[in-house]
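Below: the structure, in structure tokens.
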Amino acid sequence: MRGEEARTVIDSHAIIHPTARLASNVTVGPWSIIGANVEIGEGTEIGSHVIIKANTRMGKNNTVYQFASVGEDPADKKFAGEDTWLEIGDGNIIREGCTLHRGTASGGGVTRIGDNNLMMAYVHVAHDCIVGSNTVFANNAGLSGHAIVDDWVILGGYAGVNQFLRIGAHAMVGGMTHISHDVPAYVIVSGSPAAVRSVNTVGLERRGFDADTVKEIRRAFKIIYKKGLSLQDAQAQLADMVAATPALDVMLQSIKGSAKGIHR
């Protein structure tokens, strides 16, 4: 319906809860159900057979394809019906069969997804996860509860991330890779068992990183992974490089902030 006059179009077979609030130019397809306390921003398209269960705030210009389940109760045995939320930003594409769950009271109460993310078919984002912006989750990629995925991350098909882990900005996780430790920014991890391969050079170049910055990121990668240094000593060397190459601070902070250790 985009490109037509700004009006909300709800198929006669859809069910909209009285407390749901839909902005202008929202479309809702047949047999979709919009539950209690759901907010949907203007220009968003909800396909057929979509369920947006409850307590979900969704921004502008999102597209949700058929059979997606959004804002469902968290799959956590401790959940006892508390008033928790799912917050989704603008411009996201949520493909067929995705499952995006609300938070839990013990985990902060909110699952958050940023802007301009592509979630391909059957992606799962569990309770209390935080997903940044401009990410790509390929088919059947999944996040366990409380995981954090920073901006510009790519998860390959069937990649799985354990609970309470963090994937740093611009990192790439290969298909069918099981992530059991934090992944630093800028690196590629793949295989079974998971192994750190290299810097995500192609991704960085596509996003406009200049050659000198990429060179310094590659140098930092060698300090962490190739020189046999302790992680503490590697961090100290990276800290000395940050003033000349500010982009390295993203990598440094993704390592310093690791509670469960990094893939190394």
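Simple scheme: letters A, B, ... for chains in structure tokens order, numbers from 1 for residues in each chain, numbers from 1 for ligands in the order shown.
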Using only C-alpha atoms, determine which residues lie at most 10 Å from Pro18 of chain A, disregarding the query and same-chain residues fewer than 3 positions distant; provide the list as an mmCIF file with C-alpha atoms, in the first residue's frame.
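Resulting contents of selection29.cif:
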data_model
loop_
_atom_site.group_PDB
_atom_site.id
_atom_site.type_symbol
_atom_site.label_atom_id
_atom_site.label_comp_id
_atom_site.auth_asym_id
_atom_site.auth_seq_id
_atom_site.Cartn_x
_atom_site.Cartn_y
_atom_site.Cartn_z
ATOM 1 C CA ILE A 15 -8.449 -9.081 14.484
ATOM 2 C CA ARG A 21 -2.785 1.731 18.309
ATOM 3 C CA ILE A 34 -2.833 -7.574 16.718
ATOM 4 C CA GLY A 35 -2.980 -7.951 20.495
ATOM 5 C CA ALA A 36 -3.249 -5.745 23.553
ATOM 6 C CA ASN A 37 -0.991 -2.731 24.064
ATOM 7 C CA VAL A 38 0.557 -2.979 20.606
#
inquiry  = I'd like the contact shell of Ile224 of chain A - 12 Å cut-off, only C-alpha atoms, skipping same-chain residues fewer than 3 positions apart - returned as a list of chain:residue names.
reply    = A:Pro184, A:Val187, A:Val196, A:Ser198, A:Val199, A:Ile217, A:Arg218, A:Arg219, A:Ala220, A:Phe221, A:Lys227, A:Gly228, A:Leu229, A:Ser230, A:Leu231, A:Gln232, A:Asp233, A:Ala234, A:Gln235, A:Ala236, A:Gln237, A:Leu238, A:Met251, A:Leu252, A:Ile255, A:Ile262, A:His263, A:Arg264
request  = Tell me, as a PyMOL selection string, which residues lie within 7 Å of Thr99 of chain A, counting only C-alpha atoms; anything in the same chain fewer than 3 positions away does not count.
outcome  = chain A and resi 68-70+122-125
Selection from above, N, CA and C atoms, as a CSV table (one decimal), in the first residue's frame, can you write it?
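Printed below is result-v3.csv as written:
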chain,number,residue,atom,x,y,z
A,68,ALA,N,4.9,-14.7,10.9
A,68,ALA,CA,5.8,-14.3,12.0
A,68,ALA,C,5.0,-14.2,13.3
A,69,SER,N,5.7,-14.5,14.4
A,69,SER,CA,5.2,-14.4,15.7
A,69,SER,C,6.0,-13.4,16.5
A,70,VAL,N,5.4,-12.2,16.7
A,70,VAL,CA,6.1,-11.1,17.3
A,70,VAL,C,5.5,-10.7,18.7
A,122,TYR,N,12.5,-17.6,9.7
A,122,TYR,CA,12.6,-18.5,10.9
A,122,TYR,C,13.7,-18.0,11.9
A,123,VAL,N,14.1,-16.8,11.8
A,123,VAL,CA,15.0,-16.2,12.8
A,123,VAL,C,14.3,-16.2,14.2
A,124,HIS,N,15.1,-16.5,15.2
A,124,HIS,CA,14.6,-16.4,16.6
A,124,HIS,C,15.4,-15.4,17.4
A,125,VAL,N,14.7,-14.5,18.0
A,125,VAL,CA,15.3,-13.5,19.0
A,125,VAL,C,14.6,-13.8,20.3
message = Which residues are close to segment 136-144 of chain A, i.e. within 6 Å by only C-alpha atoms, leaving aside same-chain residues fewer than 6 positions away? Reply as number ranges by chain.
response = A: 117-126, 154-163
May I have the residues from that selection written out with N, CA, C and O atoms, as an mmCIF file, in the first residue's frame?
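What follows is the written file again.cif:
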data_model
loop_
_atom_site.group_PDB
_atom_site.id
_atom_site.type_symbol
_atom_site.label_atom_id
_atom_site.label_comp_id
_atom_site.auth_asym_id
_atom_site.auth_seq_id
_atom_site.Cartn_x
_atom_site.Cartn_y
_atom_site.Cartn_z
ATOM 1 N N ASN A 117 17.131 -3.587 10.188
ATOM 2 C CA ASN A 117 17.640 -4.959 10.262
ATOM 3 C C ASN A 117 16.874 -5.850 9.294
ATOM 4 O O ASN A 117 15.685 -5.648 9.051
ATOM 5 N N LEU A 118 17.564 -6.842 8.760
ATOM 6 C CA LEU A 118 16.937 -7.873 7.931
ATOM 7 C C LEU A 118 16.994 -9.182 8.685
ATOM 8 O O LEU A 118 18.082 -9.711 8.952
ATOM 9 N N MET A 119 15.818 -9.704 9.027
ATOM 10 C CA MET A 119 15.718 -10.997 9.692
ATOM 11 C C MET A 119 15.033 -11.946 8.735
ATOM 12 O O MET A 119 13.832 -11.832 8.470
ATOM 13 N N MET A 120 15.814 -12.874 8.196
ATOM 14 C CA MET A 120 15.289 -13.790 7.194
ATOM 15 C C MET A 120 14.421 -14.859 7.862
ATOM 16 O O MET A 120 14.215 -14.852 9.070
ATOM 17 N N ALA A 121 13.913 -15.772 7.064
ATOM 18 C CA ALA A 121 12.907 -16.720 7.532
ATOM 19 C C ALA A 121 13.362 -17.509 8.759
ATOM 20 O O ALA A 121 14.502 -17.956 8.848
ATOM 21 N N TYR A 122 12.466 -17.628 9.721
ATOM 22 C CA TYR A 122 12.611 -18.476 10.902
ATOM 23 C C TYR A 122 13.727 -18.038 11.850
ATOM 24 O O TYR A 122 14.240 -18.841 12.625
ATOM 25 N N VAL A 123 14.082 -16.790 11.809
ATOM 26 C CA VAL A 123 15.010 -16.248 12.809
ATOM 27 C C VAL A 123 14.317 -16.207 14.166
ATOM 28 O O VAL A 123 13.119 -15.918 14.271
ATOM 29 N N HIS A 124 15.087 -16.474 15.216
ATOM 30 C CA HIS A 124 14.553 -16.397 16.584
ATOM 31 C C HIS A 124 15.362 -15.404 17.404
ATOM 32 O O HIS A 124 16.597 -15.485 17.458
ATOM 33 N N VAL A 125 14.667 -14.466 18.043
ATOM 34 C CA VAL A 125 15.276 -13.543 18.999
ATOM 35 C C VAL A 125 14.573 -13.764 20.339
ATOM 36 O O VAL A 125 13.384 -13.461 20.490
ATOM 37 N N ALA A 126 15.301 -14.301 21.291
ATOM 38 C CA ALA A 126 14.707 -14.682 22.571
ATOM 39 C C ALA A 126 14.581 -13.484 23.508
ATOM 40 O O ALA A 126 14.978 -12.356 23.198
ATOM 41 N N ILE A 154 26.555 -9.618 10.940
ATOM 42 C CA ILE A 154 25.917 -10.592 10.058
ATOM 43 C C ILE A 154 25.996 -11.965 10.711
ATOM 44 O O ILE A 154 27.080 -12.410 11.097
ATOM 45 N N LEU A 155 24.847 -12.620 10.848
ATOM 46 C CA LEU A 155 24.780 -13.999 11.332
ATOM 47 C C LEU A 155 24.388 -14.895 10.167
ATOM 48 O O LEU A 155 23.336 -14.691 9.543
ATOM 49 N N GLY A 156 25.204 -15.889 9.868
ATOM 50 C CA GLY A 156 24.897 -16.819 8.793
ATOM 51 C C GLY A 156 23.747 -17.745 9.150
ATOM 52 O O GLY A 156 23.309 -17.838 10.302
ATOM 53 N N GLY A 157 23.249 -18.462 8.158
ATOM 54 C CA GLY A 157 22.135 -19.371 8.359
ATOM 55 C C GLY A 157 22.423 -20.431 9.418
ATOM 56 O O GLY A 157 23.507 -20.994 9.465
ATOM 57 N N TYR A 158 21.451 -20.650 10.283
ATOM 58 C CA TYR A 158 21.530 -21.639 11.363
ATOM 59 C C TYR A 158 22.595 -21.303 12.410
ATOM 60 O O TYR A 158 22.916 -22.141 13.248
ATOM 61 N N ALA A 159 23.165 -20.107 12.381
ATOM 62 C CA ALA A 159 24.077 -19.718 13.458
ATOM 63 C C ALA A 159 23.299 -19.612 14.759
ATOM 64 O O ALA A 159 22.149 -19.152 14.784
ATOM 65 N N GLY A 160 23.937 -20.030 15.852
ATOM 66 C CA GLY A 160 23.285 -19.978 17.152
ATOM 67 C C GLY A 160 24.169 -19.313 18.188
ATOM 68 O O GLY A 160 25.372 -19.587 18.255
ATOM 69 N N VAL A 161 23.587 -18.425 18.980
ATOM 70 C CA VAL A 161 24.342 -17.664 19.973
ATOM 71 C C VAL A 161 23.822 -18.013 21.365
ATOM 72 O O VAL A 161 22.623 -17.894 21.641
ATOM 73 N N ASN A 162 24.727 -18.461 22.235
ATOM 74 C CA ASN A 162 24.347 -18.794 23.602
ATOM 75 C C ASN A 162 23.856 -17.568 24.374
ATOM 76 O O ASN A 162 24.121 -16.427 23.999
ATOM 77 N N GLN A 163 23.196 -17.829 25.492
ATOM 78 C CA GLN A 163 22.666 -16.755 26.317
ATOM 79 C C GLN A 163 23.791 -15.929 26.953
ATOM 80 O O GLN A 163 24.884 -16.422 27.191
#
ask   = Could you pull out all residues of segment 65-209 of chain A with a DSSP call of strand (DSSP E) and give them as number ranges by chain?
value = A: 69-72, 85-88, 93-94, 99-101, 110-113, 118-119, 124-125, 130-131, 136-137, 142-143, 148-149, 154-155, 160-161, 166-167, 172-173, 178-179, 187-190, 195-199
request  = as a PyMOL selection string, list the residues of segment 34-248 of chain A assigned to alpha helix (DSSP H) by DSSP on the backbone atoms of this structure.
outcome  = chain A and resi 201-206+211-225+231-241+248
inquiry  = Need to verify the contact set: segment 204-209 of chain A, 10 Å, only C-alpha atoms, exclusion of same-chain residues closer than 4 positions in sequence. Can you return it as an NGL selection string?
reply    = :A and (152 or 170-171 or 186 or 199-200 or 213-215 or 217 or 247)
Just N, CA and C atoms for this one: save the residues we selected as a PDB file, in the first residue's frame.
ATOM      1  N   TRP A 152      25.567  -3.672  12.568  1.00  0.00           N
ATOM      2  CA  TRP A 152      26.224  -4.149  11.354  1.00  0.00           C
ATOM      3  C   TRP A 152      26.729  -5.595  11.433  1.00  0.00           C
ATOM      4  N   HIS A 170      30.118  -5.021  13.475  1.00  0.00           N
ATOM      5  CA  HIS A 170      30.749  -5.370  12.195  1.00  0.00           C
ATOM      6  C   HIS A 170      31.335  -6.779  12.173  1.00  0.00           C
ATOM      7  N   ALA A 171      31.037  -7.572  13.190  1.00  0.00           N
ATOM      8  CA  ALA A 171      31.503  -8.967  13.167  1.00  0.00           C
ATOM      9  C   ALA A 171      30.626  -9.791  12.229  1.00  0.00           C
ATOM     10  N   TYR A 186      34.513  -6.571  14.527  1.00  0.00           N
ATOM     11  CA  TYR A 186      35.253  -6.600  13.268  1.00  0.00           C
ATOM     12  C   TYR A 186      35.722  -7.982  12.815  1.00  0.00           C
ATOM     13  N   VAL A 199      39.790 -10.691   9.968  1.00  0.00           N
ATOM     14  CA  VAL A 199      39.016  -9.452  10.047  1.00  0.00           C
ATOM     15  C   VAL A 199      37.973  -9.448   8.929  1.00  0.00           C
ATOM     16  N   ASN A 200      36.812  -8.887   9.202  1.00  0.00           N
ATOM     17  CA  ASN A 200      35.746  -8.781   8.207  1.00  0.00           C
ATOM     18  C   ASN A 200      36.059  -7.637   7.238  1.00  0.00           C
ATOM     19  N   THR A 213      42.462   2.726   8.113  1.00  0.00           N
ATOM     20  CA  THR A 213      41.753   2.203   9.285  1.00  0.00           C
ATOM     21  C   THR A 213      41.666   0.686   9.242  1.00  0.00           C
ATOM     22  N   VAL A 214      41.342   0.136   8.075  1.00  0.00           N
ATOM     23  CA  VAL A 214      41.282  -1.324   7.938  1.00  0.00           C
ATOM     24  C   VAL A 214      42.643  -1.940   8.226  1.00  0.00           C
ATOM     25  N   LYS A 215      43.689  -1.284   7.762  1.00  0.00           N
ATOM     26  CA  LYS A 215      45.043  -1.783   8.016  1.00  0.00           C
ATOM     27  C   LYS A 215      45.325  -1.850   9.515  1.00  0.00           C
ATOM     28  N   ILE A 217      43.080  -2.054  11.933  1.00  0.00           N
ATOM     29  CA  ILE A 217      42.235  -3.095  12.526  1.00  0.00           C
ATOM     30  C   ILE A 217      42.869  -4.462  12.313  1.00  0.00           C
ATOM     31  N   ALA A 247      38.608   4.082  15.588  1.00  0.00           N
ATOM     32  CA  ALA A 247      37.759   2.915  15.331  1.00  0.00           C
ATOM     33  C   ALA A 247      38.174   1.708  16.153  1.00  0.00           C
TER      34      ALA A 247
END
key: Computed interatomic separation between atom CA of Glu87 of chain A and atom CA of Ser32 of chain A (Å)   = 19.3 Å
ask   = Smallest atom-to-atom distance to His178 of chain A: which of A:Ser192, A:Asn62, A:Asn134, A:Thr111, using only C-alpha atoms?
value = A:Ser192
ask   = Taking only C-alpha atoms into account, which of A:Ser48, A:Gly97, A:Asn116, A:Thr84 comes nearest Asn61 of chain A?
value =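 Selected residue with least distance to Asn61 of chain A: A:Asn116.
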query = How many Å separate atom CA of Val9 of chain A from atom CA of Leu22 of chain A?
reply = 10.0 Å
inquiry  = Restricting the calculation to only C-alpha atoms: of A:Ala195, A:His181, A:Thr245, A:Gly132, which residue gets closest to Asp210 of chain A?
reply    = A:Thr245
Using only C-alpha atoms, which protein or nucleic acid residues come within 9 Å of Asp115 of chain A? Drop anything in the same chain fewer than 2 positions from it, and give the result as a CSV table (one decimal) with all heavy atoms, in the first residue's frame.
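result_22.csv, freshly written:
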chain,number,residue,atom,x,y,z
A,59,GLY,N,8.2,0.7,15.3
A,59,GLY,CA,8.3,2.0,14.7
A,59,GLY,C,7.8,2.1,13.3
A,59,GLY,O,6.8,1.3,12.9
A,88,ILE,N,10.7,-2.5,18.8
A,88,ILE,CA,11.3,-2.6,17.5
A,88,ILE,C,11.3,-1.2,16.9
A,88,ILE,O,10.4,-0.5,16.9
A,88,ILE,CB,10.5,-3.6,16.6
A,88,ILE,CG1,10.4,-5.0,17.3
A,88,ILE,CG2,11.0,-3.7,15.2
A,88,ILE,CD1,9.5,-5.9,16.6
A,89,GLY,N,12.5,-0.9,16.2
A,89,GLY,CA,12.7,0.4,15.7
A,89,GLY,C,12.0,0.5,14.3
A,89,GLY,O,10.9,0.0,14.0
A,90,ASP,N,12.7,1.3,13.4
A,90,ASP,CA,12.2,1.6,12.1
A,90,ASP,C,12.8,0.8,11.0
A,90,ASP,O,14.0,0.4,11.1
A,90,ASP,CB,12.4,3.1,11.8
A,90,ASP,CG,11.8,4.0,12.8
A,90,ASP,OD1,10.8,3.6,13.4
A,90,ASP,OD2,12.3,5.1,13.0
A,91,GLY,N,12.1,0.6,9.9
A,91,GLY,CA,12.7,0.1,8.7
A,91,GLY,C,13.2,-1.4,8.7
A,91,GLY,O,14.0,-1.8,7.9
A,92,ASN,N,12.7,-2.2,9.6
A,92,ASN,CA,13.1,-3.6,9.7
A,92,ASN,C,12.3,-4.4,8.7
A,92,ASN,O,11.1,-4.2,8.5
A,92,ASN,CB,12.9,-4.1,11.1
A,92,ASN,CG,13.8,-3.3,12.1
A,92,ASN,OD1,15.0,-3.6,12.2
A,92,ASN,ND2,13.2,-2.4,12.9
A,113,ILE,N,15.1,-4.3,19.5
A,113,ILE,CA,15.6,-4.5,18.2
A,113,ILE,C,15.6,-3.1,17.5
A,113,ILE,O,14.6,-2.4,17.5
A,113,ILE,CB,14.7,-5.4,17.3
A,113,ILE,CG1,14.8,-6.8,18.0
A,113,ILE,CG2,15.2,-5.5,15.9
A,113,ILE,CD1,13.8,-7.8,17.4
A,117,ASN,N,17.1,-3.6,10.2
A,117,ASN,CA,17.6,-5.0,10.3
A,117,ASN,C,16.9,-5.9,9.3
A,117,ASN,O,15.7,-5.6,9.1
A,117,ASN,CB,17.5,-5.5,11.7
A,117,ASN,CG,18.3,-4.7,12.7
A,117,ASN,OD1,19.5,-4.7,12.7
A,117,ASN,ND2,17.5,-4.0,13.5
A,132,GLY,N,21.2,-4.4,17.7
A,132,GLY,CA,21.4,-3.0,17.2
A,132,GLY,C,20.7,-2.7,15.9
A,132,GLY,O,19.6,-3.2,15.6
A,133,SER,N,21.4,-2.0,15.0
A,133,SER,CA,20.8,-1.6,13.7
A,133,SER,C,21.7,-2.1,12.6
A,133,SER,O,22.9,-2.4,12.7
A,133,SER,CB,20.7,-0.1,13.6
A,133,SER,OG,19.8,0.4,14.6
A,134,ASN,N,21.1,-2.2,11.4
A,134,ASN,CA,21.7,-2.6,10.2
A,134,ASN,C,22.4,-4.0,10.2
A,134,ASN,O,23.4,-4.3,9.6
A,134,ASN,CB,22.8,-1.6,9.8
A,134,ASN,CG,22.3,-0.2,9.6
A,134,ASN,OD1,21.4,0.0,8.8
A,134,ASN,ND2,22.7,0.7,10.5
A,135,THR,N,21.8,-4.9,11.0
A,135,THR,CA,22.2,-6.3,11.0
A,135,THR,C,21.5,-7.1,10.0
A,135,THR,O,20.5,-6.8,9.5
A,135,THR,CB,22.0,-6.9,12.4
A,135,THR,OG1,20.6,-7.1,12.6
A,135,THR,CG2,22.6,-6.0,13.5
Counting only C-alpha atoms, what is within 8 Å of Gly47 of chain A, bar same-chain residues fewer than 3 positions away, as a short mmCIF file (atom, residue, chain, number, x, y, z; two decimals) with N, CA and C atoms, in the first residue's frame?
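Heads up, here's the output in around.cif:
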data_model
loop_
_atom_site.label_atom_id
_atom_site.label_comp_id
_atom_site.auth_asym_id
_atom_site.auth_seq_id
_atom_site.Cartn_x
_atom_site.Cartn_y
_atom_site.Cartn_z
N THR A 27 -0.82 -1.16 7.05
CA THR A 27 -1.66 -2.18 6.45
C THR A 27 -1.55 -3.46 7.27
N VAL A 28 -2.69 -4.13 7.42
CA VAL A 28 -2.74 -5.40 8.15
C VAL A 28 -3.46 -6.41 7.26
N GLY A 29 -2.78 -7.51 6.97
CA GLY A 29 -3.32 -8.50 6.05
C GLY A 29 -4.32 -9.43 6.70
N PRO A 30 -4.92 -10.31 5.89
CA PRO A 30 -5.97 -11.21 6.39
C PRO A 30 -5.46 -12.21 7.40
N SER A 32 -4.50 -11.90 10.33
CA SER A 32 -3.50 -11.47 11.31
C SER A 32 -4.18 -11.01 12.58
N VAL A 50 -0.06 -13.07 10.56
CA VAL A 50 0.95 -12.59 11.52
C VAL A 50 0.28 -12.45 12.88
N THR A 63 8.33 -4.04 7.73
CA THR A 63 7.57 -5.01 6.94
C THR A 63 7.64 -6.36 7.64
N VAL A 64 6.47 -6.92 7.96
CA VAL A 64 6.41 -8.20 8.66
C VAL A 64 5.68 -9.19 7.76
N TYR A 65 6.37 -10.27 7.42
CA TYR A 65 5.83 -11.24 6.49
C TYR A 65 4.98 -12.31 7.21
N GLN A 66 4.33 -13.13 6.40
CA GLN A 66 3.36 -14.09 6.90
C GLN A 66 3.95 -15.06 7.92
#
